[in-house]
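Colleague: Handing you a structure now.
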Amino acid sequence: MPKGLLWEPFQLGKMELRNRIVMPPMVTRYGNDDGKVTERTLNYYEARARGGASLIIVEATFVHKQGQAFANQLGICDADFLPGLSRLVEVIHRHGAKAAIQLHHGGRTARSVLSGLPPIAPSPLPIPDGEMPREITGKEIGDAVASFANAAIRARQAGFDGVEIHGAHGYLIDQFLSAASNQRRDDYGGSLPNRQRFLLEVIKAVKEAVGNDLTVWCRINGREYGVENGTSPEDAQDTARQAQAAGIDAIHVSGYGPAAPNNLTTPKFATGVIMEVVEGVKQAVTVPVIGVGRISPQAGEKILETGRADLIAIGKALLADPDLPEKTAADREEDITPCIVCNGCRDDLRLPDVVGIRCSVNAALGREAESRIIPAGKPKNVLIVGGGPAGMEAARVAAVRGHRVTLYEKDTRPGGQLVQAAIPPHKDRIAPLVSYLETQLKKLGVEIMTSTEATANTINQARPDVVILATGVSPFVPGMPGVTGANVVQAGDVLEGKVTTGDRVVVIGGALVGCETAEFLADQGKKVTVTRRGPEMAAEVGLSNRDFLLKRLVAKGITLLPGIKYHEITPQGLVIITAEGETKTIAADTIVLAAGAVPESTLYEALAGGTTEIHCIGDCVKPRTIRDAIAEGFRIGAQI
Ligand SMILES: Cc1cc2nc3c(=O)[nH]c(=O)nc-3n(C[C@H](O)[C@H](O)[C@H](O)COP(=O)(O)OP(=O)(O)OC[C@H]3O[C@@H](n4cnc5c(N)ncnc54)[C@H](O)[C@@H]3O)c2cc1C
Ligand SMILES: Cc1cc2nc3c(=O)[nH]c(=O)nc-3n(C[C@H](O)[C@H](O)[C@H](O)COP(=O)(O)O)c2cc1C
Ligand code: SF4
């Protein structure tokens, strides 16, 4: 057995856990349209159970149709759901993990378009951009309590070992707990004991229904961050004490709200970002406490040693690599695909056109069955051009399959745009992806030739069986008077420190790169203005990160000027036409171009028409994201 408390068995209620790593509930949207378990659901959970977590808490599952908050969310609201849920328990148990399920009612976050019923809540207060909920009646409160108890009975029928009552994250139970969403004047509103009443009734009903057979616990917010009048750490501690008195076997402490560090892309990496509130609850109760929030196994070990929590939940990092527990136990940390905390998976929860969460670094997430890497029938000589994420992932997968792979990178180091992407504030989280891929390629014997620019000639001379072009992009230079002036530089060069800027800077382009470069410069004390033709800054940035980024820019004194037209660049600065039609010079020492990128397709054009098999992947097809680059690298590596 590996050394450390993390690997010691633990008795949680009636469950004997093989170690202290828990997979927390994460909605996947892999269910059927009606909420039934699919093959995709089974394969996803089986991979995580096989990977070594001791307890898998199946995602938030609606106990009543009226509580459905996500398309393709799993349900447990009648007996029709039992066959699928029973199979789910089987695949989790097959690998020695215990199976629990999170019981959920969305309350005001539920959507009538999914449920066919109007949402209900303690008070008629909608979430931003949400539907106006109807105030839940006294009778409906009793019905909702019964829905949780009946769902727990079904969980027992399906063979689950435990149930987690979802009392966190702004859903129905939490809507009662938080004074910010509960304005009732009856026994369920007002004082904290009144606001706790619904949770405690649910706990008692669930315990009565299944408490003799299943382990029963609840998840609560240790604090609502950035919510006026929201749950304080002291409120959470009191709620935990009351939940314990009501018979709960454990408490799972999370964090919630627009400023919750567990949801923000804080630079502080993998140390446990909400541990102060977890620890507060731990001190308030005697039942075991599960901690969560950007906890790496190493940080988890320290947390256990110092008694700040009893079990460590690891969420997104298990989406990125389901084998994280096994690899850690085997001392193979360098083989773990690192979560880069980009929040792409969270954004997918709400995107209407997306069917199921995806991961930027793990192309196999939600496609576990189709993504098994199968040895190549006939090993080939594969030449990959470009050492960005697309080229490196293609090289990794091709080499795992037994192909002989050579990678040409014209720069002095691999990484492509990831090297620049990891430089702005809050982006150091991307750097581990480059080290991971580089290490894997070295271990797999891929020949990485840096400072080597591939040309049609060198490629033809090498006579490979397959060529994969992953050549990325070139910066787009807008056709504007003055753009070739000495005061104009590229954002990428600024980030890499290849050029310096004066104290007054104007950035041309307000997409991700422009905004992030502006923040990078503002942190150096520069006076920065970001300009954009389009009406909104950072419009392409995912929902979870965008507000946070824009708030930081404003807080750092950066001027944001969307909706303008560009006129010219002069030695004095940038001349624009404002949204109101006024011509104006923004005085600046340096103009930074972040005007977008164009596919780097020169090599493809030179090679096209030849006889060698050629594939193009990543940004050189169309500038996009890390997720597209990794997905295409994986796909082509698995296909050739
Ligand atoms: C500042 C910045 C921040 C970003 N932030 C994010 C983010 O937060 N999230 C996100 O999803 N995306 C982000 N991106 C975009 C992301 O980095 C790219 O989408 C991704 O790197 C594309 O991968 P790729 O492998 O296709 O191309 P690249 O990463 O561009 O790699 C291409 C490589 O090919 C090499 N090459 C080109 N021609 C040749 C040749 N002839 N011979 C040898 N080598 C050659 C280049 O030197 C380069 O290393 C960011 C980009 C930048 C610049
Ligand atoms: C895609 C996604 C879905 C989630 N769904 C749930 C959920 O169903 N129930 C829940 O309580 N928390 C949910 N969470 C929060 C996680 O359980 C976890 O608390 C959070 O990701 C922080 O842990 P981590 O930093 O280890 O990822 C979800 C998080 C993500 C990223
Ligand atoms: S999508 Fe991003 S945040 Fe989510 S697991 Fe993958 S790397 Fe981590």
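Chains: A, B, ... in order of the structure tokens. Residues: from 1 per chain. Ligands: from 1, in order shown.
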Any residue with an atom at most 7 Å from ligand 1 counts, using only C-alpha atoms and all ligand atoms. Which are they? Put them as a ChimeraX atom specification.

Modeller: /A:342,385-391,408-411,414-418,420-422,452-455,470-473,492,512-513,516,600,603,617-620,623-627,629

Colleague: Take the residues just selected and output them with N, CA and C atoms as a compact mmCIF listing (two decimals), in the first residue's frame.

Modeller:
```txt
# COMPACT_ATOMS: atom_id res chain seq x y z
N CYS A 342 -9.77 25.60 -16.56
CA CYS A 342 -10.25 26.57 -17.54
C CYS A 342 -11.76 26.79 -17.41
N VAL A 385 4.51 18.31 -37.61
CA VAL A 385 5.09 19.66 -37.66
C VAL A 385 4.29 20.56 -36.73
N GLY A 386 4.97 21.06 -35.69
CA GLY A 386 4.31 21.96 -34.75
C GLY A 386 4.21 21.32 -33.38
N GLY A 387 4.83 21.98 -32.40
CA GLY A 387 4.85 21.43 -31.03
C GLY A 387 3.89 22.15 -30.11
N GLY A 388 2.74 22.61 -30.63
CA GLY A 388 1.68 23.14 -29.77
C GLY A 388 0.87 21.97 -29.22
N PRO A 389 -0.24 22.26 -28.55
CA PRO A 389 -1.02 21.16 -27.96
C PRO A 389 -1.53 20.17 -29.00
N ALA A 390 -1.90 20.64 -30.20
CA ALA A 390 -2.42 19.72 -31.22
C ALA A 390 -1.34 18.74 -31.65
N GLY A 391 -0.16 19.26 -31.98
CA GLY A 391 0.92 18.41 -32.45
C GLY A 391 1.40 17.47 -31.35
N TYR A 408 8.76 18.17 -35.38
CA TYR A 408 9.58 19.35 -35.69
C TYR A 408 8.92 20.58 -35.07
N GLU A 409 9.70 21.35 -34.35
CA GLU A 409 9.20 22.60 -33.79
C GLU A 409 10.20 23.70 -34.13
N LYS A 410 9.73 24.76 -34.78
CA LYS A 410 10.69 25.78 -35.23
C LYS A 410 11.20 26.64 -34.07
N ASP A 411 10.42 26.74 -33.01
CA ASP A 411 10.85 27.54 -31.85
C ASP A 411 11.90 26.76 -31.05
N PRO A 414 9.05 23.46 -27.12
CA PRO A 414 7.69 23.11 -27.52
C PRO A 414 6.66 23.88 -26.70
N GLY A 415 5.40 23.75 -27.05
CA GLY A 415 4.34 24.42 -26.28
C GLY A 415 3.44 25.28 -27.16
N GLY A 416 4.03 25.81 -28.27
CA GLY A 416 3.22 26.65 -29.15
C GLY A 416 2.66 27.85 -28.39
N GLN A 417 1.43 28.20 -28.70
CA GLN A 417 0.82 29.36 -28.04
C GLN A 417 0.59 29.14 -26.55
N LEU A 418 0.65 27.89 -26.10
CA LEU A 418 0.43 27.64 -24.66
C LEU A 418 1.46 28.37 -23.80
N GLN A 420 2.72 31.33 -24.32
CA GLN A 420 2.21 32.69 -24.10
C GLN A 420 0.94 32.66 -23.25
N ALA A 421 0.11 31.67 -23.51
CA ALA A 421 -1.19 31.59 -22.81
C ALA A 421 -1.00 31.45 -21.30
N ALA A 422 0.14 30.90 -20.88
CA ALA A 422 0.36 30.66 -19.44
C ALA A 422 0.97 31.87 -18.73
N THR A 452 13.81 23.67 -35.31
CA THR A 452 13.83 23.01 -36.62
C THR A 452 12.57 23.40 -37.40
N GLU A 453 12.76 24.28 -38.36
CA GLU A 453 11.59 24.69 -39.15
C GLU A 453 11.40 23.70 -40.31
N ALA A 454 10.23 23.12 -40.38
CA ALA A 454 9.96 22.17 -41.47
C ALA A 454 9.62 22.94 -42.74
N THR A 455 10.16 22.46 -43.85
CA THR A 455 9.78 23.01 -45.16
C THR A 455 9.32 21.84 -46.02
N ALA A 470 0.47 20.71 -37.66
CA ALA A 470 -0.18 21.36 -36.51
C ALA A 470 0.55 22.68 -36.31
N THR A 471 0.56 23.48 -37.36
CA THR A 471 1.44 24.64 -37.42
C THR A 471 0.85 25.91 -36.80
N GLY A 472 -0.36 25.82 -36.27
CA GLY A 472 -0.90 26.96 -35.51
C GLY A 472 -1.25 28.16 -36.36
N VAL A 473 -0.86 29.33 -35.86
CA VAL A 473 -1.33 30.59 -36.46
C VAL A 473 -0.19 31.58 -36.66
N GLY A 492 1.78 38.87 -28.26
CA GLY A 492 2.55 37.68 -27.89
C GLY A 492 3.99 38.04 -27.52
N LEU A 512 -9.92 37.61 -25.94
CA LEU A 512 -9.19 37.07 -24.79
C LEU A 512 -7.76 37.59 -24.71
N VAL A 513 -7.02 37.48 -25.81
CA VAL A 513 -5.59 37.83 -25.77
C VAL A 513 -5.40 39.32 -25.46
N GLU A 516 -6.26 39.91 -21.73
CA GLU A 516 -5.27 39.33 -20.81
C GLU A 516 -3.94 40.08 -20.88
N GLU A 600 -1.84 29.28 -40.02
CA GLU A 600 -0.52 29.19 -40.64
C GLU A 600 -0.54 28.00 -41.61
N LEU A 603 2.78 25.78 -45.23
CA LEU A 603 3.36 24.46 -45.47
C LEU A 603 2.35 23.54 -46.16
N ILE A 617 -4.39 19.76 -38.31
CA ILE A 617 -5.17 19.79 -37.06
C ILE A 617 -4.91 21.08 -36.29
N GLY A 618 -5.83 21.39 -35.39
CA GLY A 618 -5.65 22.52 -34.48
C GLY A 618 -5.88 23.86 -35.16
N ASP A 619 -5.20 24.88 -34.62
CA ASP A 619 -5.42 26.25 -35.07
C ASP A 619 -5.04 26.48 -36.53
N CYS A 620 -4.20 25.61 -37.11
CA CYS A 620 -3.82 25.86 -38.51
C CYS A 620 -4.99 25.55 -39.45
N PRO A 623 -8.27 29.16 -36.23
CA PRO A 623 -7.88 29.50 -34.86
C PRO A 623 -9.02 29.26 -33.88
N ARG A 624 -8.76 28.44 -32.85
CA ARG A 624 -9.81 28.14 -31.88
C ARG A 624 -9.23 28.03 -30.48
N THR A 625 -9.39 26.85 -29.86
CA THR A 625 -9.03 26.74 -28.43
C THR A 625 -8.14 25.53 -28.18
N ILE A 626 -7.68 25.46 -26.94
CA ILE A 626 -6.87 24.32 -26.51
C ILE A 626 -7.71 23.04 -26.65
N ARG A 627 -8.98 23.14 -26.29
CA ARG A 627 -9.82 21.93 -26.36
C ARG A 627 -9.89 21.39 -27.78
N ALA A 629 -7.69 21.85 -30.15
CA ALA A 629 -6.34 21.36 -30.53
C ALA A 629 -6.12 19.96 -29.96
```

Colleague: Identify, on the basis of only C-alpha atoms, every residue whose closest approach to Leu561 (chain A) does not exceed 7 Å; exclude the query and any residue fewer than 5 positions from it along the same chain; express the result as an MDAnalysis selection string.

Modeller: chainID A and resid 530:532

Colleague: Kindly save the residues from that selection, with N, CA and C atoms included, as a short mmCIF file (atom, residue, chain, number, x, y, z; two decimals), in the first residue's frame.

Modeller:
```
data_model
loop_
_atom_site.label_atom_id
_atom_site.label_comp_id
_atom_site.auth_asym_id
_atom_site.auth_seq_id
_atom_site.Cartn_x
_atom_site.Cartn_y
_atom_site.Cartn_z
N VAL A 530 -8.01 49.34 -23.64
CA VAL A 530 -8.27 48.27 -24.61
C VAL A 530 -9.38 48.74 -25.54
N THR A 531 -9.17 48.57 -26.84
CA THR A 531 -10.16 49.02 -27.82
C THR A 531 -10.68 47.83 -28.61
N ARG A 532 -11.90 47.94 -29.06
CA ARG A 532 -12.48 46.85 -29.84
C ARG A 532 -13.56 47.40 -30.76
#
```

Colleague: For CA of Leu351 (chain A) and CA of Ile220 (chain A), quote the distance in Å rounded to one decimal.

Modeller: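 Here the two named atoms are 25.8 Å from each other.
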
Colleague: Where does DSSP see alpha helix (DSSP H) in region 517-608 of chain A, if you list the residues as a VMD selection string?

Modeller: chain A and resid 517 to 522 543 to 555 602 to 607

Colleague: Once you count only C-alpha atoms and all ligand atoms, which residues end up within 8 Å of ligand 3, and could you hand them over as a list in words?

Modeller: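 Final answer, ordered by chain and number: Gly315, Lys316, Ala317, Leu318, Leu319, Ala320, Pro338, Cys339, Ile340, Val341, Cys342, Asn343, Gly344, Cys345, Arg346, Ile357, Arg358, Cys359, Ser360, Val361, Asn362 and Arg627 of chain A.
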
Colleague: Can you write just those residues out, N, CA and C atoms, as a compact mmCIF listing (two decimals), in the first residue's frame?

Modeller:
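So again.txt came out as:
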```txt
# COMPACT_ATOMS: atom_id res chain seq x y z
N GLY A 315 -12.58 16.90 -7.86
CA GLY A 315 -13.59 16.95 -8.90
C GLY A 315 -13.01 17.04 -10.30
N LYS A 316 -12.79 18.27 -10.74
CA LYS A 316 -12.40 18.49 -12.14
C LYS A 316 -11.14 17.69 -12.51
N ALA A 317 -10.23 17.56 -11.55
CA ALA A 317 -9.00 16.82 -11.87
C ALA A 317 -9.31 15.36 -12.25
N LEU A 318 -10.45 14.83 -11.79
CA LEU A 318 -10.84 13.47 -12.20
C LEU A 318 -11.56 13.46 -13.55
N LEU A 319 -12.05 14.63 -13.97
CA LEU A 319 -12.56 14.72 -15.35
C LEU A 319 -11.36 14.70 -16.30
N ALA A 320 -10.32 15.44 -15.90
CA ALA A 320 -9.12 15.53 -16.74
C ALA A 320 -8.38 14.20 -16.80
N PRO A 338 -3.03 17.03 -16.44
CA PRO A 338 -3.44 18.03 -15.45
C PRO A 338 -4.66 18.84 -15.89
N CYS A 339 -5.59 19.03 -14.97
CA CYS A 339 -6.71 19.95 -15.21
C CYS A 339 -6.13 21.35 -15.22
N ILE A 340 -6.45 22.14 -16.24
CA ILE A 340 -5.90 23.50 -16.32
C ILE A 340 -6.90 24.54 -15.79
N VAL A 341 -7.94 24.05 -15.10
CA VAL A 341 -8.90 24.93 -14.41
C VAL A 341 -9.44 26.02 -15.35
N CYS A 342 -9.77 25.60 -16.56
CA CYS A 342 -10.25 26.57 -17.54
C CYS A 342 -11.76 26.79 -17.41
N ASN A 343 -12.43 25.92 -16.67
CA ASN A 343 -13.88 26.01 -16.45
C ASN A 343 -14.71 25.70 -17.69
N GLY A 344 -14.09 25.14 -18.71
CA GLY A 344 -14.84 24.78 -19.91
C GLY A 344 -15.94 23.77 -19.60
N CYS A 345 -15.66 22.82 -18.73
CA CYS A 345 -16.67 21.81 -18.37
C CYS A 345 -17.87 22.47 -17.69
N ARG A 346 -17.59 23.45 -16.85
CA ARG A 346 -18.70 24.16 -16.17
C ARG A 346 -19.53 24.94 -17.19
N ILE A 357 -20.79 17.39 -20.95
CA ILE A 357 -19.59 18.19 -20.66
C ILE A 357 -18.39 17.65 -21.43
N ARG A 358 -17.48 18.57 -21.78
CA ARG A 358 -16.25 18.20 -22.48
C ARG A 358 -15.07 18.74 -21.67
N CYS A 359 -13.90 18.20 -21.94
CA CYS A 359 -12.71 18.64 -21.20
C CYS A 359 -11.65 19.14 -22.17
N SER A 360 -10.99 20.24 -21.80
CA SER A 360 -9.98 20.83 -22.68
C SER A 360 -8.76 19.94 -22.83
N VAL A 361 -8.44 19.18 -21.79
CA VAL A 361 -7.19 18.42 -21.84
C VAL A 361 -7.40 16.93 -22.05
N ASN A 362 -8.64 16.47 -21.84
CA ASN A 362 -8.93 15.04 -21.96
C ASN A 362 -10.01 14.82 -23.01
N ARG A 627 -8.98 23.14 -26.29
CA ARG A 627 -9.82 21.93 -26.36
C ARG A 627 -9.89 21.39 -27.78
```
